[in-house]
$ cat entry33.txt   # compact mmCIF, C-alpha atoms
# COMPACT_ATOMS: atom_id res chain seq x y z
CA MET A 1 3.25 113.13 89.24
CA GLU A 2 5.24 109.90 89.70
CA LYS A 3 6.84 109.47 93.11
CA ARG A 4 10.66 109.39 92.83
CA ARG A 5 12.34 106.32 94.24
CA PRO A 6 15.20 107.19 96.68
CA GLU A 7 18.81 106.36 95.88
CA HIS A 8 20.35 103.08 97.04
CA LEU A 9 22.27 103.14 100.33
CA ASP A 10 25.89 104.09 99.99
CA SER A 11 28.68 102.00 101.58
CA ASP A 12 28.68 103.93 104.86
CA GLN A 13 24.93 103.75 105.16
CA LEU A 14 25.12 100.02 104.55
CA LEU A 15 27.58 99.77 107.45
CA GLN A 16 25.23 101.83 109.57
CA ALA A 17 22.47 99.38 108.72
CA VAL A 18 24.70 96.49 109.85
CA VAL A 19 25.31 98.23 113.17
CA GLY A 20 21.62 98.93 113.71
CA GLU A 21 18.85 99.56 111.22
CA SER A 22 16.80 101.38 113.78
CA ASP A 23 19.34 104.21 113.80
CA LEU A 24 19.00 104.87 110.08
CA PRO A 25 16.95 107.86 108.96
CA ARG A 26 13.33 106.98 108.36
CA HIS A 27 13.45 107.24 104.57
CA LEU A 28 16.42 104.82 104.40
CA ARG A 29 14.63 102.35 106.65
CA ILE A 30 11.66 102.46 104.34
CA HIS A 31 13.95 102.03 101.37
CA LEU A 32 15.50 98.94 102.93
CA THR A 33 12.11 97.33 103.32
CA GLN A 34 11.38 97.91 99.64
CA CYS A 35 14.75 97.51 97.89
CA THR A 36 15.92 93.91 97.66
CA THR A 37 19.33 94.97 96.32
CA CYS A 38 20.11 97.06 99.37
CA ARG A 39 18.65 94.44 101.68
CA GLN A 40 20.86 91.76 100.14
CA GLU A 41 23.87 94.04 100.38
CA VAL A 42 23.28 94.70 104.09
CA ASP A 43 22.82 91.00 104.77
CA ARG A 44 25.95 90.12 102.77
CA LEU A 45 28.03 92.68 104.63
CA GLY A 46 26.74 91.52 108.00
CA ALA A 47 27.45 87.90 107.08
CA ARG A 48 30.98 88.84 106.07
CA PHE A 49 31.77 90.29 109.48
CA SER A 50 30.04 87.41 111.22
CA ALA A 51 32.06 84.95 109.16
CA ILE A 52 35.32 86.45 110.44
CA GLY A 53 34.08 85.93 113.99
CA THR A 54 32.83 82.43 113.21
CA MET A 55 36.13 81.42 111.69
CA ALA A 56 38.02 82.79 114.70
CA ARG A 57 35.73 80.82 117.02
CA ASP A 58 36.22 77.65 114.99
CA LEU A 59 39.99 77.99 115.05
CA SER A 60 40.16 78.84 118.75
CA PRO A 61 41.43 76.15 121.09
CA ASP A 62 38.99 74.29 123.32
CA ALA A 63 39.13 74.62 127.06
CA LEU A 64 41.01 71.73 128.63
CA GLY A 65 39.53 71.02 132.02
CA ARG A 66 36.25 71.39 133.82
CA VAL A 67 35.83 74.22 136.27
CA ARG A 68 34.51 73.25 139.69
CA LEU A 69 34.40 75.08 142.97
CA SER A 70 36.75 73.38 145.38
CA GLU A 71 35.70 72.80 148.98
CA ARG A 72 38.76 74.47 150.41
CA ARG A 73 37.83 77.75 148.81
CA ARG A 74 34.54 77.87 150.73
CA ARG A 75 34.87 79.06 154.25
CA PHE A 76 32.11 78.94 156.77
CA PHE A 77 32.04 80.74 160.05
CA LEU A 78 29.11 80.49 162.44
CA GLY A 79 27.05 78.94 159.66
CA ARG A 80 27.63 81.77 157.22
CA ARG A 81 30.01 81.81 154.34
CA VAL A 82 32.62 84.46 154.89
CA GLY A 83 36.03 85.19 153.52
CA LEU A 84 39.28 84.66 155.37
CA ARG A 85 39.87 88.33 156.05
CA PRO A 86 37.05 88.90 158.58
CA ALA A 87 38.02 85.75 160.48
CA LEU A 88 41.66 86.80 160.49
CA GLY A 89 40.71 90.28 161.63
CA MET A 90 38.67 88.88 164.47
CA ALA A 91 41.51 86.62 165.57
CA VAL A 92 43.98 89.52 165.57
CA ALA A 93 41.54 91.67 167.52
CA MET A 94 41.07 88.94 170.12
CA VAL A 95 44.81 88.49 170.56
CA LEU A 96 45.23 92.24 170.99
CA LEU A 97 42.45 92.36 173.59
CA MET A 98 44.05 89.50 175.51
CA LEU A 99 47.44 91.23 175.44
CA ILE A 100 45.90 94.45 176.73
CA ALA A 101 44.02 92.59 179.44
CA LEU A 102 47.20 90.85 180.58
CA TYR A 103 49.44 93.89 180.30
CA ARG A 104 47.39 96.25 182.45
CA PRO A 105 47.43 94.22 185.70
CA LEU A 106 51.12 93.49 185.16
CA GLY A 107 51.95 97.13 184.60
CA HIS A 108 50.21 98.35 187.72
CA ARG A 109 50.83 95.38 189.96
CA SER A 110 52.79 96.15 193.15
CA THR A 111 54.83 93.46 194.88
CA PRO A 112 52.41 91.49 197.06
CA ALA A 113 52.94 91.77 200.76
CA PRO A 114 54.59 88.68 202.29
CA PRO A 115 52.62 86.64 204.79
CA ALA A 116 52.74 87.85 208.36
CA SER A 117 54.47 84.66 209.59
CA ILE A 118 57.44 85.38 207.27
CA VAL A 119 57.56 89.07 208.16
CA ASN A 120 57.76 88.26 211.86
CA ALA A 121 60.06 85.26 211.51
CA ASP A 122 63.24 87.19 212.37
CA ALA A 123 61.67 88.76 215.35
CA ALA A 124 60.50 85.36 216.63
CA LEU A 125 63.99 83.69 216.58
CA SER A 126 66.01 83.66 219.74
CA PRO A 127 69.80 84.15 219.52
CA GLU A 128 70.42 80.45 220.37
CA THR A 129 68.07 79.21 217.69
CA GLU A 130 69.60 81.53 215.19
CA ALA A 131 73.11 80.30 216.03
CA ARG A 132 72.00 76.68 215.74
CA LEU A 133 70.37 77.29 212.39
CA LEU A 134 73.45 79.05 211.08
CA ALA A 135 75.61 76.16 212.25
CA GLU A 136 73.35 73.69 210.46
CA ILE A 137 73.54 75.73 207.30
CA GLN A 138 77.31 75.90 207.52
CA GLY A 139 77.44 72.14 208.10
CA LEU A 140 75.33 71.53 205.04
CA LEU A 141 77.61 73.74 203.01
CA ASP A 142 80.68 71.79 204.19
CA ASN A 143 79.17 68.34 203.88
CA PRO A 144 75.81 68.23 202.21
CA LEU A 145 75.51 64.42 202.53
CA PRO A 146 74.10 62.83 205.67
CA GLU A 147 76.53 61.30 208.11
CA ASP A 148 75.88 57.66 207.06
CA TYR A 149 76.58 58.51 203.46
CA GLN A 150 79.74 60.30 204.43
CA ARG A 151 81.03 57.09 206.01
CA ILE A 152 80.23 55.00 202.99
CA THR A 153 81.78 57.39 200.53
CA GLY A 154 84.65 58.25 202.85
CA GLU A 155 84.20 61.93 202.48
CA ASP A 156 86.20 62.61 205.60
CA SER A 157 88.98 60.12 204.90
CA LEU A 158 90.02 57.89 202.05
CA PHE A 159 91.48 54.61 203.31
CA GLY A 160 92.59 56.38 206.48
CA ILE A 161 94.37 59.17 204.66
CA ALA A 162 93.30 62.53 205.83
CA GLY A 163 93.11 65.47 203.50
CA ASP A 164 92.24 65.69 199.86
CA PRO A 165 92.34 62.16 198.34
CA SER A 166 93.46 63.54 195.00
CA ASP A 167 96.73 64.47 196.70
CA VAL A 168 97.57 60.76 196.99
CA ILE A 169 96.52 59.80 193.51
CA VAL A 170 97.90 62.85 191.71
CA PRO A 171 100.88 64.38 193.59
CA ASP A 172 101.16 68.12 193.54
CA VAL A 173 104.23 68.58 191.38
CA GLU A 174 104.60 72.21 192.25
CA ALA A 175 104.59 71.57 195.97
CA GLU A 176 107.05 68.69 196.10
CA THR A 177 110.67 68.73 195.20
CA ASP A 178 112.26 66.30 192.79
CA LYS A 179 114.33 65.00 195.62
CA GLU A 180 111.35 64.09 197.70
CA LEU A 181 109.91 62.21 194.69
CA GLY A 182 113.27 60.46 194.04
CA LEU A 183 113.54 61.75 190.52
CA ALA A 184 116.47 63.50 188.92
CA ARG A 185 115.82 66.96 187.47
CA PRO A 186 116.23 66.73 183.70
CA MET A 187 119.39 68.35 182.32
CA LYS A 188 119.06 71.49 180.30
CA GLY A 189 118.70 70.69 176.65
CA THR A 190 117.82 67.01 177.20
CA ALA A 191 114.11 67.55 177.72
CA MET B 1 20.55 75.92 158.43
CA ASP B 2 22.84 75.66 155.49
CA PRO B 3 21.55 77.80 152.63
CA SER B 4 21.96 74.94 150.19
CA GLU B 5 19.44 72.90 152.15
CA ALA B 6 16.78 75.50 151.52
CA ALA B 7 17.41 75.61 147.79
CA VAL B 8 15.39 73.51 145.39
CA HIS B 9 17.51 72.11 142.57
CA PRO B 10 16.28 73.49 139.25
CA PRO B 11 15.17 70.84 136.75
CA GLU B 12 17.25 69.77 133.79
CA GLY B 13 17.18 72.36 131.05
CA ALA B 14 16.30 75.16 133.45
CA CYS B 15 17.07 78.62 132.15
CA ASP B 16 19.98 80.70 133.40
CA VAL B 17 17.74 82.80 135.62
CA ALA B 18 16.46 79.74 137.51
CA LEU B 19 20.00 78.44 137.94
CA ILE B 20 21.24 81.85 139.11
CA ARG B 21 18.46 82.05 141.71
CA ALA B 22 19.34 78.60 143.01
CA ALA B 23 23.06 79.37 143.01
CA ARG B 24 22.41 82.52 144.99
CA TYR B 25 21.03 80.32 147.77
CA GLY B 26 24.23 78.31 147.77
CA ASP B 27 23.26 75.60 145.28
CA ARG B 28 26.67 74.63 143.93
CA GLU B 29 25.22 72.13 141.50
CA ALA B 30 23.16 74.87 139.86
CA PHE B 31 26.24 77.04 139.66
CA HIS B 32 28.24 74.23 138.07
CA ARG B 33 25.57 73.93 135.40
CA LEU B 34 25.93 77.64 134.72
CA VAL B 35 29.67 77.14 134.50
CA ASP B 36 29.27 74.33 131.99
CA ARG B 37 27.03 76.49 129.84
CA HIS B 38 29.33 79.49 129.69
CA ARG B 39 32.78 77.98 130.11
CA GLU B 40 33.66 77.44 126.46
CA ALA B 41 32.55 80.90 125.36
CA LEU B 42 34.32 82.50 128.27
CA PHE B 43 37.49 80.57 127.54
CA ARG B 44 37.41 81.70 123.91
CA LEU B 45 36.88 85.29 124.99
CA VAL B 46 39.94 85.12 127.20
CA VAL B 47 42.27 83.06 125.01
CA VAL B 48 41.81 85.26 121.95
CA ARG B 49 42.61 88.34 124.00
CA ILE B 50 45.59 87.08 125.98
CA ARG B 51 46.87 84.54 123.43
CA SER B 52 47.97 81.97 126.00
CA ARG B 53 46.04 78.81 126.67
CA MET B 54 47.46 78.10 130.12
CA ASP B 55 46.85 81.61 131.40
CA ALA B 56 43.37 81.55 129.88
CA GLU B 57 42.51 78.41 131.84
CA ASP B 58 43.62 80.08 135.07
CA ILE B 59 41.75 83.26 134.32
CA VAL B 60 38.52 81.40 133.53
CA GLN B 61 38.75 79.67 136.90
CA GLU B 62 39.26 82.99 138.61
CA VAL B 63 36.30 84.47 136.76
CA PHE B 64 33.96 81.71 137.89
CA PHE B 65 35.20 81.86 141.46
CA LYS B 66 34.64 85.59 141.51
CA ALA B 67 31.21 85.08 140.00
CA TRP B 68 30.35 82.55 142.71
CA THR B 69 31.42 84.86 145.51
CA GLY B 70 29.74 87.89 143.98
CA LEU B 71 26.53 86.28 142.75
CA ARG B 72 24.47 87.89 145.51
CA GLY B 73 25.54 91.28 144.25
CA LEU B 74 24.16 90.65 140.75
CA LYS B 75 21.19 92.98 140.44
CA THR B 76 19.62 91.77 137.21
CA GLU B 77 19.62 88.03 136.65
CA THR B 78 19.01 88.47 132.93
CA ALA B 79 22.30 90.36 132.70
CA PHE B 80 24.30 87.39 133.95
CA ARG B 81 26.22 86.88 130.71
CA SER B 82 27.21 90.55 130.46
CA TRP B 83 28.24 90.50 134.09
CA LEU B 84 30.33 87.38 133.59
CA TYR B 85 32.02 88.85 130.52
CA GLN B 86 32.66 92.06 132.42
CA ILE B 87 34.51 90.10 135.11
CA ALA B 88 36.45 88.26 132.41
CA LEU B 89 37.50 91.46 130.65
CA ASN B 90 38.64 92.93 133.95
CA LYS B 91 40.72 89.82 134.56
CA VAL B 92 42.23 90.15 131.09
CA ARG B 93 43.16 93.75 131.91
CA ASP B 94 44.71 92.60 135.20
CA HIS B 95 46.68 90.00 133.29
CA TYR B 96 48.14 92.62 130.96
CA ARG B 97 48.95 94.86 133.92
CA ARG B 98 50.87 92.01 135.52
CA LEU B 99 52.73 91.43 132.27
CA LYS B 100 53.67 95.09 132.14
CA VAL B 101 54.96 95.01 135.71
CA ARG B 102 56.97 91.88 134.93
CA ALA B 103 58.35 93.54 131.83
CA ILE B 104 59.40 96.56 133.93
CA PHE B 105 61.28 94.29 136.32
CA GLY B 106 62.95 92.50 133.47
CA SER B 107 61.40 89.05 133.72
CA LEU B 108 59.95 89.50 130.25
CA GLU B 109 61.57 91.13 127.33
CA GLU B 110 58.30 92.54 126.10
CA ILE B 111 54.61 91.85 126.13
CA PRO B 112 53.87 89.32 123.42
CA GLU B 113 51.81 91.12 120.85
CA HIS B 114 51.69 88.53 118.13
CA ASP B 115 51.57 85.20 119.94
CA LEU B 116 49.02 83.02 118.32
CA PRO B 117 46.45 80.99 120.21
CA GLU B 118 47.87 77.55 120.73
CA ALA B 119 45.30 76.04 118.44
CA ALA B 120 47.64 77.04 115.67
CA GLN B 121 50.28 74.79 117.23
CA THR B 122 48.12 71.72 117.84
CA PRO B 123 48.88 68.66 115.74
CA ALA B 124 47.11 68.96 112.45
CA GLY B 125 47.76 68.51 108.81
CA GLY B 126 50.43 70.76 107.35
CA ASP B 127 47.98 72.73 105.21
CA ALA B 128 45.54 73.19 108.07
CA ARG B 129 48.30 74.45 110.31
CA VAL B 130 49.53 76.91 107.77
CA SER B 131 46.01 78.06 107.10
CA ARG B 132 45.32 78.55 110.79
CA LYS B 133 48.56 80.34 111.34
CA ARG B 134 47.90 82.63 108.42
CA PHE B 135 44.40 83.33 109.64
CA TRP B 136 45.52 84.29 113.15
CA ASN B 137 48.31 86.42 111.76
CA ASP B 138 45.85 88.29 109.55
CA PHE B 139 43.26 88.45 112.30
CA TYR B 140 45.58 90.08 114.82
CA ARG B 141 47.12 92.39 112.26
CA MET B 142 43.64 93.50 111.34
CA LEU B 143 42.74 94.09 114.99
CA ASP B 144 45.99 95.95 115.60
CA GLY B 145 44.74 98.65 113.27
CA LEU B 146 41.73 99.36 115.47
CA ALA B 147 41.57 101.60 118.49
CA LYS B 148 41.19 99.78 121.80
CA MET B 149 37.49 100.38 122.17
CA GLU B 150 36.80 99.64 118.52
CA ARG B 151 38.64 96.35 118.82
CA GLU B 152 36.80 95.38 121.97
CA VAL B 153 33.40 96.26 120.56
CA PHE B 154 34.10 94.42 117.31
CA LEU B 155 35.24 91.27 119.14
CA LEU B 156 32.33 91.33 121.53
CA ARG B 157 29.84 91.75 118.68
CA PHE B 158 31.17 89.32 116.07
CA PHE B 159 33.43 86.95 117.97
CA ASP B 160 31.64 86.69 121.32
CA GLU B 161 28.25 87.27 119.70
CA LEU B 162 26.91 89.74 122.22
CA SER B 163 24.06 92.05 121.35
CA ILE B 164 24.54 95.81 121.39
CA ASN B 165 22.67 95.93 124.68
CA GLU B 166 24.91 93.25 126.22
CA ILE B 167 28.05 94.99 124.98
CA SER B 168 26.78 98.21 126.50
CA ARG B 169 26.33 96.48 129.86
CA THR B 170 29.63 94.65 129.66
CA LEU B 171 31.65 97.75 128.92
CA GLY B 172 29.53 100.10 131.01
CA ARG B 173 28.99 102.45 128.08
CA GLY B 174 25.85 103.77 126.48
CA GLU B 175 24.41 101.96 123.48
CA SER B 176 24.96 104.92 121.18
CA THR B 177 28.64 105.02 122.19
CA VAL B 178 28.95 101.31 121.47
CA LYS B 179 27.33 101.75 118.05
CA THR B 180 29.64 104.59 117.19
CA HIS B 181 32.71 102.51 118.05
CA LEU B 182 31.30 99.52 116.18
CA TYR B 183 30.61 101.59 113.09
CA ARG B 184 34.19 102.91 113.08
CA ALA B 185 35.52 99.41 113.65
CA LEU B 186 33.49 97.99 110.76
CA ARG B 187 34.77 100.62 108.38
CA LYS B 188 38.36 99.72 109.23
CA VAL B 189 37.73 95.98 109.23
CA ARG B 190 36.06 96.18 105.83
CA ASP B 191 39.15 97.80 104.35
CA ARG B 192 41.71 95.76 106.28
CA ALA B 193 40.03 92.40 105.75
CA GLU B 194 40.59 92.78 102.05
CA ARG B 195 44.19 93.81 102.55
CA PHE B 196 44.99 90.93 104.90
CA ASP B 197 43.48 88.09 102.88
CA LEU B 198 40.67 87.57 105.38
CA GLU B 199 38.32 88.08 102.47
CA MET B 200 39.67 84.92 100.87
CA GLU B 201 39.38 82.92 104.08
CA VAL B 202 35.81 84.05 104.53
$ encode --input "entry33.txt" --output "structure tokens"
Amino acid sequence: MEKRRPEHLDSDQLLQAVVGESDLPRHLRIHLTQCTTCRQEVDRLGARFSAIGTMARDLSPDALGRVRLSERRRRFFLGRRVGLRPALGMAVAMVLLMLIALYRPLGHRSTPAPPASIVNADAALSPETEARLLAEIQGLLDNPLPEDYQRITGEDSLFGIAGDPSDVIVPDVEAETDKELGLARPMKGTA
Amino acid sequence: MDPSEAAVHPPEGACDVALIRAARYGDREAFHRLVDRHREALFRLVVVRIRSRMDAEDIVQEVFFKAWTGLRGLKTETAFRSWLYQIALNKVRDHYRRLKVRAIFGSLEEIPEHDLPEAAQTPAGGDARVSRKRFWNDFYRMLDGLAKMEREVFLLRFFDELSINEISRTLGRGESTVKTHLYRALRKVRDRAERFDLEMEV
């Protein structure tokens, strides 16, 4: 009896063959090896899809510039390439540790005791010495300049005039009467 | 000792695997050679998906920088291309997420769905420009009719020229899943290509 030749591949089977011939049923694979019509049809279909891709590639724009790794994007730390985040994390951790280290002694620190010489200073002063020191302090408050300077600048008297020198230069209007100044009081409405 | 000092520069014409091994030890020159090999294809992958040349340039840079920093984590050197494309597709997704956020906050009216790659706007003869424009219009309209995964699988197979195995690795799906999506995509493309004049272009 003559062996019957299988049917040609239908359109879906041809597509299946384009996707992958190995997934076709065995009898169709055998048919493809023997039937030139089906083989040509599979190749033509595959070429058609490839041509769409080829045309799209040909009509695509070309890349403009070259791509190179820039130096600034590489970061090295202790001889090993690391990202910025670990280094930043370490820096933050160190700052926090330093803050903690500084804060703790400050928080628990009591006022240091003054030296014994200062503590006993009051007790060591006699009443005379204390009075003299107070007088010196008062003198400095009244006239902080040394005596020689006071003479030069005339702190105690300006050209022999005792009192505040500004009194001579700028008379105290409130304190003196118009009569004493030799001026007539302005009439009402003439000012 | 600097790692790059220990590395031996691979010879001219060295395969990807040799360059990857050298780059893993800090050999920037070897990595730059890898970049030069894959840059154009990667740029095409990105520009066709996001439809903006300037953004594509930026994304490709980001992809290579991420690849450089993550090269030590690459388990199989032979899967470098899939791994690179995986990074690129993730960046494309991030790009669309950013666009969505911007659209929410009103800086964009809407996400551009039908912007053409700028090749269609480059100086060229009038006929060539029209032909290009028509092709991209048809191309995107054809892709719009596919489900997301079908579209991605179709592009990766026929535009980016990845094998089924590479697509499987890139998308993190099984090969049978990829084939199923590809089969569905081809059925739709076959019908739509005729409708959208792509048949004539081909």
$ closest_residue --input "entry33.txt" --among "B:His181, B:Lys75, B:Arg44, B:His9" --to "chain A" --atoms "all atoms listed in the file"
B:Arg44
$ atom_distance --input "entry33.txt" --atom1 "atom CA of B:Ile20" --atom2 "atom CA of B:Leu71"
7.8 Å
$ interface_residues --input "entry33.txt" --of "chain A" --to "chain B" --cutoff "6 Å" --atoms "only C-alpha atoms" --output "ChimeraX atom specification"
/A:50,53,60-61
$ residues_near_point --input "entry33.txt" --point "(24.8, 93.6, 139.1)" --cutoff "12 Å" --atoms "all atoms listed in the file" --output "VMD selection string"
chain B and resid 67 70 to 84 86 to 87 169 to 170 172
$ atom_distance --input "entry33.txt" --atom1 "atom CA of B:Leu89" --atom2 "atom CA of B:Ala30"
23.8 Å
$ residues_around --input "entry33.txt" --residues "B:Asp94" --least-positions-apart "4" --cutoff "12 Å" --atoms "all atoms listed in the file" --output "count of residues only"
14
$ closest_residue --input "entry33.txt" --among "A:Cys35, A:Ile52, A:Val67, A:Leu125" --to "B:Leu34" --atoms "all atoms listed in the file"
A:Val67
$ atom_distance --input "entry33.txt" --atom1 "atom CA of B:Val153" --atom2 "atom CA of B:Asn165"
11.5 Å
$ axis_aligned_box --input "entry33.txt" --around "stretch 84-89 of chain A" --padding-each-side "4 Å" --output "JSON"
{"center_x": 39.4, "center_y": 87.5, "center_z": 158.5, "size_x": 12.6, "size_y": 13.6, "size_z": 14.3}
$ residues_near_point --input "entry33.txt" --point "(41.3, 101.8, 113.9)" --cutoff "7 Å" --atoms "all atoms listed in the file" --output "list in words"
Gly145, Leu146, Ala147, Glu150, Ala185 and Lys188 of chain B
$ build_atoms --input "entry33.txt" --residues "stretch 31-55 of chain A" --atoms "N, CA and C atoms" --output "compact mmCIF listing (two decimals), in the coordinates of the input"
# COMPACT_ATOMS: atom_id res chain seq x y z
N HIS A 31 13.31 102.51 102.59
CA HIS A 31 13.95 102.03 101.37
C HIS A 31 14.43 100.58 101.53
N LEU A 32 14.99 100.30 102.68
CA LEU A 32 15.50 98.94 102.93
C LEU A 32 14.40 97.89 102.90
N THR A 33 13.23 98.30 103.35
CA THR A 33 12.11 97.33 103.32
C THR A 33 11.61 97.08 101.89
N GLN A 34 11.91 98.04 101.01
CA GLN A 34 11.38 97.91 99.64
C GLN A 34 12.43 97.46 98.63
N CYS A 35 13.70 97.79 98.87
CA CYS A 35 14.75 97.51 97.89
C CYS A 35 15.48 96.21 98.23
N THR A 36 15.27 95.20 97.40
CA THR A 36 15.92 93.91 97.66
C THR A 36 17.43 93.99 97.47
N THR A 37 17.89 94.83 96.57
CA THR A 37 19.33 94.97 96.32
C THR A 37 20.03 95.46 97.59
N CYS A 38 19.50 96.51 98.15
CA CYS A 38 20.11 97.06 99.37
C CYS A 38 19.98 96.07 100.53
N ARG A 39 18.83 95.42 100.61
CA ARG A 39 18.65 94.44 101.68
C ARG A 39 19.69 93.33 101.57
N GLN A 40 19.87 92.82 100.36
CA GLN A 40 20.86 91.76 100.14
C GLN A 40 22.27 92.23 100.48
N GLU A 41 22.53 93.50 100.11
CA GLU A 41 23.87 94.04 100.38
C GLU A 41 24.13 94.16 101.88
N VAL A 42 23.13 94.60 102.63
CA VAL A 42 23.28 94.70 104.09
C VAL A 42 23.49 93.32 104.69
N ASP A 43 22.69 92.36 104.24
CA ASP A 43 22.82 91.00 104.77
C ASP A 43 24.20 90.40 104.44
N ARG A 44 24.66 90.66 103.20
CA ARG A 44 25.95 90.12 102.77
C ARG A 44 27.09 90.70 103.60
N LEU A 45 26.99 92.01 103.83
CA LEU A 45 28.03 92.68 104.63
C LEU A 45 28.04 92.15 106.07
N GLY A 46 26.85 92.04 106.63
CA GLY A 46 26.74 91.52 108.00
C GLY A 46 27.29 90.10 108.09
N ALA A 47 26.98 89.29 107.09
CA ALA A 47 27.45 87.90 107.08
C ALA A 47 28.97 87.85 106.96
N ARG A 48 29.53 88.80 106.24
CA ARG A 48 30.98 88.84 106.07
C ARG A 48 31.69 89.08 107.40
N PHE A 49 31.16 90.02 108.16
CA PHE A 49 31.77 90.29 109.48
C PHE A 49 31.54 89.10 110.43
N SER A 50 30.34 88.56 110.35
CA SER A 50 30.04 87.41 111.22
C SER A 50 30.94 86.23 110.89
N ALA A 51 31.24 86.09 109.58
CA ALA A 51 32.06 84.95 109.16
C ALA A 51 33.48 85.05 109.73
N ILE A 52 33.98 86.27 109.84
CA ILE A 52 35.32 86.45 110.44
C ILE A 52 35.28 85.95 111.89
N GLY A 53 34.23 86.37 112.60
CA GLY A 53 34.08 85.93 113.99
C GLY A 53 33.89 84.43 114.10
N THR A 54 33.08 83.88 113.18
CA THR A 54 32.83 82.43 113.21
C THR A 54 34.11 81.65 112.97
N MET A 55 34.88 82.12 112.00
CA MET A 55 36.13 81.42 111.69
C MET A 55 37.09 81.49 112.89
